[in-house]
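Below is one structure, written out as structure tokens; comments come after it.
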Number of protein chains: 2
Amino acid sequence: MPGRCRQNPAIPDRATAMTRAWTLRFPRTGLLATLLALPLALANAADPDSPKPRTTQEVLDASQPADWRRLDPANTLYLDLAAGRVVIELAPAFAPEHVANIRTLAKDGFWDGTSIYRSHDNFVVQFGDADADDPAKAKSTGHAKTKLPAEFERSARGLPFHALPDRDGWAPEAGFAEGFPAARESATGQAWMAHCYGALGAGRNLEADSSIGAELYVVTGQSPRQLDRNITVVGRVVQGMELLSAIPRGPAPMGFYADPALRTPIVAVRLASEVPADERARIEVLRTDTPTFDALVESRRNRRDDFYKRPAGHIDLCNIAIPVREIAGDAR
Amino acid sequence: MPGRCRQNPAIPDRATAMTRAWTLRFPRTGLLATLLALPLALANAADPDSPKPRTTQEVLDASQPADWRRLDPANTLYLDLAAGRVVIELAPAFAPEHVANIRTLAKDGFWDGTSIYRSHDNFVVQFGDADADDPAKAKSTGHAKTKLPAEFERSARGLPFHALPDRDGWAPEAGFAEGFPAARESATGQAWMAHCYGALGAGRNLEADSSIGAELYVVTGQSPRQLDRNITVVGRVVQGMELLSAIPRGPAPMGFYADPALRTPIVAVRLASEVPADERARIEVLRTDTPTFDALVESRRNRRDDFYKRPAGHIDLCNIAIPVREIAGDAR
């Protein structure tokens, strides 16, 4: 939480904070350890038989290896910038045609030497070929398909869906599917990925089927759920969001940069499966279909540390950050 | 919306985009003008007598001078950084004691030469005295009070409240009050400001009444509504969020900077009323209690431009950006 003083706000307030502490192996401060060990003042005293509510840290500390999963290298994209690496998980279960095309583009090195050419405050960064509109200068998309169907949604049939307990304003049902924040509608039998922080989408023109996955955007602001079912979401940033979210906003309308020198160069975008094993990110992601994940969600719905005087009893889909941690030892 | 190509996504997708275009007086591109003039494909043809739905731009273009308001200089704070000015509106209707103390601190020049010492990805930036915890180095808070009551909420009685049509997950009722995103609960008769993007809050320690308004934070990520009624919100950034949101995230846990050199220096924080009239921001803000504002909200609930294939029919409180524009002419 935002604390008054530097040393005091020691309890991580977002799973992302915890996540970064895990993945970057920051030392725990003594104060943090002390606070985490404090008795839970808000344990539900009314029912002594009910399980004691746990903090997020307690849930993670008690997690088992099977609660975590590794990313499939064939569905993992590394966006390498001078400042570091952004790790992206692709979602073939939701956008198979786009993901296949993105794999082709990555293998062709399409994004190498391109740029992040848009940073729109409280909305998105966008990257790819800044000259895509100019036939004289546009970069070839090589072996990639030049026409794809819109993949705004898919049949909910056969898609395991782990629903949240709280009502969602944007959809009849919200939760997680295949590890991604998603929504579902029984009336149409459809499911779709939600535009939460870190969502990776395929930019398009006015026509629904005008995206091919070459020009991509990542949500860096308040979840623009109005885009759900209006654009093809192809994946999600798993690690490295801070490299995208802190990019200076473009001064031109909608966050574009009129001056190409202001764009952020992209060193390379590669599939993890095309990268030598010892250069791959050594991370794993918390599964979203387990009792541990349910406990994590509950620990976010009702904060049980001493800072919170009034637990919310609610959480929105896009307020749930999916924990990531480094893989221990040498296993990859 | 995120467009595939640089030139094509020409319709501003967020009110913030429009806002920036207004306030910085960017030229409209020809394509933008063309697109805005396109017939509304989604006008509700079923009922020819119902008013034609309008786009956000059309609503703003039709707005009248009375739909806008100027900020009270006594409730306006300028946070001046080397990169530019952040304009903040204080909310004495919600946090009178904190706002009074903040006025005192600003008049004393308390924040001049301090820093933004925390940037926590997808959460907050925090500023004030980075040495506040160290009695040997802490800066004097001068004439300010050293103890204030918690001002997490206030009586809803006598507070005009403009409710949104959609249900809010975090509160029984959500809407706007005194120009701020807010929530209300009839069961307790209380109202409070909501932690939306740009909210300015008073950092505190574990005790509810441990904030005095010297250490402040601004929300830069997905709205952390779980903080509502857990911390005193004192105002909102009206202009200049991009100067705060793009600050590189602190590498230490929770976004702090272990290295003081990484902090962002604060040139000065002043009340507008203490600044010569010709140095004040020349802006006005859309009122939130008018039919024009209702029309704006509706234009965000259901996007009526050619990009959107399926208007959402919903909006969350924190997805509504309040438009700001430059004041025309010489009037201040």
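Residues in the structure tokens are numbered from 1 in each chain, the chains being A, B, ... in the order shown, and ligands are numbered from 1 in the order shown.
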
Query raised in the report: Do you know which residues are at most 8 Å from segment 111-127 of chain B counting only C-alpha atoms, after dropping those on the same chain fewer than 5 positions away, and could you put them as a PyMOL selection string?
Result: (chain A and resi 2+14+16-17+197+220-221+241-242+245) or (chain B and resi 105-106+215-224+244-245+247-250+254-257+260+263-269)

**Report entry** Nearest to Pro311 of chain B by atom-to-atom distance, counting only C-alpha atoms, from A:Arg184, A:Arg270, A:Arg229, A:His143
**Finding:**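 Result for the nearest residue to Pro311 of chain B: A:Arg229.
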
Query raised in the report: If we count only C-alpha atoms, what is near Ala100 of chain B at a cut-off of 12 Å, once residues fewer than 5 positions away on the same chain are taken out, given as a ChimeraX atom specification?
Result: /B:74-75,90-95,105-107,143-145,148,212-214,234,271

Selected residues written out, N, CA and C atoms, as an mmCIF file, in the first residue's frame:
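Written out: out.cif:
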data_model
loop_
_atom_site.group_PDB
_atom_site.id
_atom_site.type_symbol
_atom_site.label_atom_id
_atom_site.label_comp_id
_atom_site.auth_asym_id
_atom_site.auth_seq_id
_atom_site.Cartn_x
_atom_site.Cartn_y
_atom_site.Cartn_z
ATOM 1 N N ALA B 74 -7.429 28.094 -4.949
ATOM 2 C CA ALA B 74 -7.115 27.695 -3.571
ATOM 3 C C ALA B 74 -7.142 26.178 -3.394
ATOM 4 N N ASN B 75 -7.735 25.486 -4.374
ATOM 5 C CA ASN B 75 -7.799 24.022 -4.323
ATOM 6 C C ASN B 75 -6.988 23.380 -5.445
ATOM 7 N N LEU B 90 -7.467 19.566 -5.500
ATOM 8 C CA LEU B 90 -7.685 19.061 -4.144
ATOM 9 C C LEU B 90 -9.184 18.944 -3.861
ATOM 10 N N ALA B 91 -9.532 18.119 -2.900
ATOM 11 C CA ALA B 91 -10.930 17.810 -2.627
ATOM 12 C C ALA B 91 -11.294 18.106 -1.173
ATOM 13 N N PRO B 92 -11.434 19.386 -0.840
ATOM 14 C CA PRO B 92 -11.783 19.704 0.555
ATOM 15 C C PRO B 92 -13.135 19.143 0.971
ATOM 16 N N ALA B 93 -14.027 18.874 0.026
ATOM 17 C CA ALA B 93 -15.328 18.313 0.399
ATOM 18 C C ALA B 93 -15.182 16.911 0.971
ATOM 19 N N PHE B 94 -14.101 16.225 0.638
ATOM 20 C CA PHE B 94 -13.898 14.860 1.130
ATOM 21 C C PHE B 94 -12.853 14.777 2.245
ATOM 22 N N ALA B 95 -11.848 15.614 2.171
ATOM 23 C CA ALA B 95 -10.741 15.501 3.130
ATOM 24 C C ALA B 95 -10.321 16.892 3.600
ATOM 25 N N LEU B 105 1.526 23.056 3.967
ATOM 26 C CA LEU B 105 2.806 22.495 3.524
ATOM 27 C C LEU B 105 3.267 23.155 2.220
ATOM 28 N N ALA B 106 2.332 23.384 1.311
ATOM 29 C CA ALA B 106 2.705 24.017 0.034
ATOM 30 C C ALA B 106 3.167 25.450 0.268
ATOM 31 N N LYS B 107 2.441 26.180 1.124
ATOM 32 C CA LYS B 107 2.842 27.565 1.407
ATOM 33 C C LYS B 107 4.217 27.616 2.061
ATOM 34 N N HIS B 143 4.764 24.555 9.736
ATOM 35 C CA HIS B 143 3.541 24.941 10.429
ATOM 36 C C HIS B 143 2.431 23.900 10.306
ATOM 37 N N ALA B 144 2.677 22.845 9.570
ATOM 38 C CA ALA B 144 1.611 21.851 9.356
ATOM 39 C C ALA B 144 1.312 21.091 10.638
ATOM 40 N N LYS B 145 0.078 20.609 10.749
ATOM 41 C CA LYS B 145 -0.286 19.767 11.885
ATOM 42 C C LYS B 145 0.424 18.426 11.771
ATOM 43 N N LEU B 148 -3.628 14.216 12.226
ATOM 44 C CA LEU B 148 -4.918 14.497 11.596
ATOM 45 C C LEU B 148 -5.829 13.286 11.772
ATOM 46 N N ILE B 212 -0.567 12.740 7.325
ATOM 47 C CA ILE B 212 -0.741 14.183 7.508
ATOM 48 C C ILE B 212 -0.702 14.916 6.172
ATOM 49 N N GLY B 213 -0.584 14.158 5.077
ATOM 50 C CA GLY B 213 -0.604 14.795 3.757
ATOM 51 C C GLY B 213 0.755 15.213 3.251
ATOM 52 N N ALA B 214 1.818 14.871 3.986
ATOM 53 C CA ALA B 214 3.163 15.249 3.524
ATOM 54 C C ALA B 214 3.705 14.257 2.496
ATOM 55 N N VAL B 234 -7.100 12.680 -1.261
ATOM 56 C CA VAL B 234 -7.137 14.134 -1.066
ATOM 57 C C VAL B 234 -7.367 14.918 -2.355
ATOM 58 N N LEU B 271 0.466 26.086 -4.369
ATOM 59 C CA LEU B 271 -0.952 26.334 -4.606
ATOM 60 C C LEU B 271 -1.082 27.321 -5.756
#

**Report entry** Selection near segment 167-170 of chain A, 10 Å with only C-alpha atoms, sequence-local residues under 4 positions removed, as number ranges by chain
**Finding:** A: 163, 174-175, 183, 194, 225-226, 228, 314-317; B: 166-169, 312-316

Can you write just those residues out, C-alpha atoms, as a short mmCIF file (atom, residue, chain, number, x, y, z; two decimals), in the first residue's frame?
data_model
loop_
_atom_site.label_atom_id
_atom_site.label_comp_id
_atom_site.auth_asym_id
_atom_site.auth_seq_id
_atom_site.Cartn_x
_atom_site.Cartn_y
_atom_site.Cartn_z
CA ALA A 163 -14.76 -18.43 -12.81
CA ALA A 174 -15.22 -13.50 -15.73
CA GLY A 175 -12.34 -15.71 -14.71
CA ALA A 183 -14.76 -13.87 -19.96
CA ALA A 194 -10.02 -9.80 -21.47
CA ARG A 225 -12.43 -3.81 -21.54
CA GLN A 226 -14.49 -2.01 -24.16
CA ASP A 228 -13.03 -7.05 -25.64
CA HIS A 314 -14.56 -8.00 -4.03
CA ILE A 315 -12.05 -8.03 -6.81
CA ASP A 316 -12.23 -7.17 -10.46
CA LEU A 317 -10.74 -9.58 -12.98
CA ASP B 166 -23.86 0.73 -14.40
CA ARG B 167 -23.35 -1.41 -11.38
CA ASP B 168 -20.02 -1.15 -9.58
CA GLY B 169 -18.40 -4.21 -8.08
CA ALA B 312 -19.85 -2.74 -24.56
CA GLY B 313 -23.06 -1.33 -23.09
CA HIS B 314 -21.15 -0.79 -19.88
CA ILE B 315 -18.45 1.29 -18.32
CA ASP B 316 -16.57 1.10 -15.06
#

Report task. Enter the distance from atom CA of Ala171 of chain A to atom CA of Ala191 of chain B, in Å, rounded to one decimal. Result ->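 Computing the Euclidean distance for atom CA of Ala171 of chain A and atom CA of Ala191 of chain B yields 26.9 Å.
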
Requested in this report: Could you give me, as a ChimeraX atom specification, each residue of segment 63-168 of chain A that DSSP assigns to strand (DSSP E) when run on this structure's backbone?
Outcome: /A:68-70,76-81,84-90,115-120,124-128,154-155,162-163

**Report entry** Interatomic distance (Å, one decimal) between atom CA of Thr56 of chain B and atom CA of Leu296 of chain B
**Finding:**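 Those two atoms sit 5.6 Å apart.
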
Query - Atom pair atom CA of Lys139 of chain A / atom CA of Leu200 of chain A: separation (Å) - result: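 Atom CA of Leu200 of chain A lies at a distance of 21.3 Å from atom CA of Lys139 of chain A.
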
Requested in this report: List every residue of segment 21-262 of chain B that DSSP, applied to the backbone of this structure, places in helix (DSSP H, G or I), and write the result as a ChimeraX atom specification.
Outcome: /B:21-24,30-37,56-61,65-67,73-75,96-107,225-227,241-245,253-255,260-262

Suppose we keep C-alpha atoms; can you now write the selection as a tab-separated table (two decimals), in the first residue's frame?
chain	number	residue	atom	x	y	z
B	21	ALA	CA	-5.21	16.94	-28.25
B	22	TRP	CA	-7.31	19.78	-26.84
B	23	THR	CA	-4.94	20.97	-24.23
B	24	LEU	CA	-1.81	20.81	-26.33
B	30	GLY	CA	-7.33	15.21	-42.33
B	31	LEU	CA	-8.01	11.53	-41.85
B	32	LEU	CA	-9.21	12.11	-38.32
B	33	ALA	CA	-11.62	14.76	-39.45
B	34	THR	CA	-12.87	12.48	-42.21
B	35	LEU	CA	-13.45	9.59	-39.88
B	36	LEU	CA	-15.24	11.73	-37.36
B	37	ALA	CA	-17.59	12.88	-40.06
B	56	THR	CA	-17.45	11.46	-27.57
B	57	GLN	CA	-16.07	14.03	-29.97
B	58	GLU	CA	-19.55	15.04	-31.06
B	59	VAL	CA	-20.63	15.44	-27.44
B	60	LEU	CA	-17.64	17.66	-26.72
B	61	ASP	CA	-18.06	19.65	-29.89
B	65	PRO	CA	-19.38	27.06	-21.87
B	66	ALA	CA	-21.55	26.22	-18.83
B	67	ASP	CA	-20.62	22.56	-19.22
B	73	PRO	CA	-6.89	28.33	-7.31
B	74	ALA	CA	-7.12	27.69	-3.57
B	75	ASN	CA	-7.80	24.02	-4.32
B	96	PRO	CA	-10.96	19.00	4.65
B	97	GLU	CA	-8.29	18.47	7.32
B	98	HIS	CA	-5.80	16.95	4.94
B	99	VAL	CA	-6.40	19.60	2.30
B	100	ALA	CA	-5.88	22.35	4.88
B	101	ASN	CA	-2.60	20.75	5.93
B	102	ILE	CA	-1.49	20.34	2.32
B	103	ARG	CA	-2.16	24.03	1.74
B	104	THR	CA	0.05	24.83	4.72
B	105	LEU	CA	2.81	22.50	3.52
B	106	ALA	CA	2.71	24.02	0.03
B	107	LYS	CA	2.84	27.57	1.41
B	225	ARG	CA	-10.16	0.17	-5.47
B	226	GLN	CA	-9.32	-2.12	-2.54
B	227	LEU	CA	-7.72	1.00	-1.04
B	241	MET	CA	-0.38	12.35	-15.59
B	242	GLU	CA	2.03	11.29	-18.34
B	243	LEU	CA	4.83	13.01	-16.41
B	244	LEU	CA	4.21	10.70	-13.46
B	245	SER	CA	3.13	7.48	-15.15
B	253	PRO	CA	10.80	-3.82	-3.64
B	254	MET	CA	7.53	-1.94	-4.08
B	255	GLY	CA	9.12	0.42	-6.58
B	260	PRO	CA	18.80	8.37	-4.38
B	261	ALA	CA	20.17	9.47	-7.75
B	262	LEU	CA	17.33	7.58	-9.44

**Report entry** Residue among A:Val238, A:Met193, A:Leu77, A:Ala252 lying closest to Glu178 of chain A, counting only C-alpha atoms
**Finding:**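 Ranked by minimum distance to Glu178 of chain A, first place goes to A:Met193.
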
If we count only C-alpha atoms, what is near Asp289 of chain B at a cut-off of 12 Å, once residues fewer than 2 positions away on the same chain are taken out, given as an mmCIF file with N, CA and C atoms, in the first residue's frame?
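Written out: selection.cif:
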data_model
loop_
_atom_site.group_PDB
_atom_site.id
_atom_site.type_symbol
_atom_site.label_atom_id
_atom_site.label_comp_id
_atom_site.auth_asym_id
_atom_site.auth_seq_id
_atom_site.Cartn_x
_atom_site.Cartn_y
_atom_site.Cartn_z
ATOM 1 N N ALA B 66 -21.104 26.568 -20.183
ATOM 2 C CA ALA B 66 -21.549 26.222 -18.830
ATOM 3 C C ALA B 66 -21.287 24.759 -18.486
ATOM 4 N N ASP B 67 -20.949 23.956 -19.490
ATOM 5 C CA ASP B 67 -20.619 22.557 -19.216
ATOM 6 C C ASP B 67 -19.217 22.412 -18.625
ATOM 7 N N TRP B 68 -18.458 23.499 -18.645
ATOM 8 C CA TRP B 68 -17.078 23.444 -18.180
ATOM 9 C C TRP B 68 -16.923 24.284 -16.923
ATOM 10 N N ARG B 69 -15.942 23.948 -16.146
ATOM 11 C CA ARG B 69 -15.674 24.728 -14.941
ATOM 12 C C ARG B 69 -14.168 24.966 -14.827
ATOM 13 N N PRO B 160 -24.035 16.409 -3.349
ATOM 14 C CA PRO B 160 -24.651 16.045 -4.641
ATOM 15 C C PRO B 160 -23.866 14.911 -5.280
ATOM 16 N N PHE B 161 -24.581 13.886 -5.687
ATOM 17 C CA PHE B 161 -23.934 12.679 -6.218
ATOM 18 C C PHE B 161 -24.580 12.355 -7.557
ATOM 19 N N HIS B 162 -23.745 12.245 -8.579
ATOM 20 C CA HIS B 162 -24.229 11.983 -9.930
ATOM 21 C C HIS B 162 -23.884 10.532 -10.252
ATOM 22 N N ALA B 163 -24.866 9.654 -10.119
ATOM 23 C CA ALA B 163 -24.591 8.214 -10.225
ATOM 24 C C ALA B 163 -24.457 7.758 -11.674
ATOM 25 N N LEU B 164 -23.622 6.769 -11.869
ATOM 26 C CA LEU B 164 -23.495 6.126 -13.174
ATOM 27 C C LEU B 164 -24.623 5.119 -13.367
ATOM 28 N N GLY B 175 -20.188 6.897 -9.035
ATOM 29 C CA GLY B 175 -20.523 8.047 -9.869
ATOM 30 C C GLY B 175 -19.533 9.167 -9.619
ATOM 31 N N PHE B 176 -20.035 10.397 -9.688
ATOM 32 C CA PHE B 176 -19.161 11.546 -9.508
ATOM 33 C C PHE B 176 -19.768 12.502 -8.493
ATOM 34 N N ALA B 177 -18.884 13.080 -7.693
ATOM 35 C CA ALA B 177 -19.313 14.066 -6.700
ATOM 36 C C ALA B 177 -18.254 15.151 -6.645
ATOM 37 N N GLU B 178 -18.682 16.384 -6.739
ATOM 38 C CA GLU B 178 -17.735 17.517 -6.720
ATOM 39 C C GLU B 178 -16.691 17.374 -7.828
ATOM 40 N N GLY B 179 -17.035 16.661 -8.899
ATOM 41 C CA GLY B 179 -16.114 16.498 -10.014
ATOM 42 C C GLY B 179 -15.136 15.346 -9.860
ATOM 43 N N PHE B 180 -15.260 14.601 -8.790
ATOM 44 C CA PHE B 180 -14.342 13.481 -8.532
ATOM 45 C C PHE B 180 -15.065 12.137 -8.662
ATOM 46 N N PRO B 181 -14.367 11.119 -9.175
ATOM 47 C CA PRO B 181 -14.960 9.780 -9.146
ATOM 48 C C PRO B 181 -15.150 9.354 -7.699
ATOM 49 N N VAL B 285 -12.219 22.157 -16.867
ATOM 50 C CA VAL B 285 -12.540 20.738 -16.722
ATOM 51 C C VAL B 285 -14.028 20.556 -17.001
ATOM 52 N N LEU B 286 -14.375 19.450 -17.651
ATOM 53 C CA LEU B 286 -15.790 19.218 -17.909
ATOM 54 C C LEU B 286 -16.518 18.941 -16.592
ATOM 55 N N ARG B 287 -17.628 19.612 -16.405
ATOM 56 C CA ARG B 287 -18.448 19.337 -15.215
ATOM 57 C C ARG B 287 -18.973 17.906 -15.276
ATOM 58 N N PRO B 291 -26.195 17.223 -18.242
ATOM 59 C CA PRO B 291 -26.604 16.318 -19.339
ATOM 60 C C PRO B 291 -25.472 16.085 -20.341
ATOM 61 N N THR B 292 -24.610 17.072 -20.533
ATOM 62 C CA THR B 292 -23.474 16.861 -21.429
ATOM 63 C C THR B 292 -22.578 15.746 -20.901
ATOM 64 N N PHE B 293 -22.360 15.749 -19.598
ATOM 65 C CA PHE B 293 -21.521 14.684 -19.034
ATOM 66 C C PHE B 293 -22.214 13.327 -19.164
ATOM 67 N N ASP B 294 -23.521 13.308 -18.945
ATOM 68 C CA ASP B 294 -24.254 12.046 -19.141
ATOM 69 C C ASP B 294 -24.078 11.540 -20.569
ATOM 70 N N ALA B 295 -24.142 12.464 -21.512
ATOM 71 C CA ALA B 295 -23.984 12.068 -22.917
ATOM 72 C C ALA B 295 -22.566 11.571 -23.175
ATOM 73 N N LEU B 296 -21.607 12.204 -22.538
ATOM 74 C CA LEU B 296 -20.222 11.737 -22.679
ATOM 75 C C LEU B 296 -20.082 10.314 -22.136
ATOM 76 N N VAL B 297 -20.652 10.080 -20.968
ATOM 77 C CA VAL B 297 -20.570 8.735 -20.388
ATOM 78 C C VAL B 297 -21.214 7.717 -21.334
ATOM 79 N N ILE B 322 -12.081 12.356 -17.301
ATOM 80 C CA ILE B 322 -12.796 13.632 -17.315
ATOM 81 C C ILE B 322 -12.057 14.601 -18.243
#
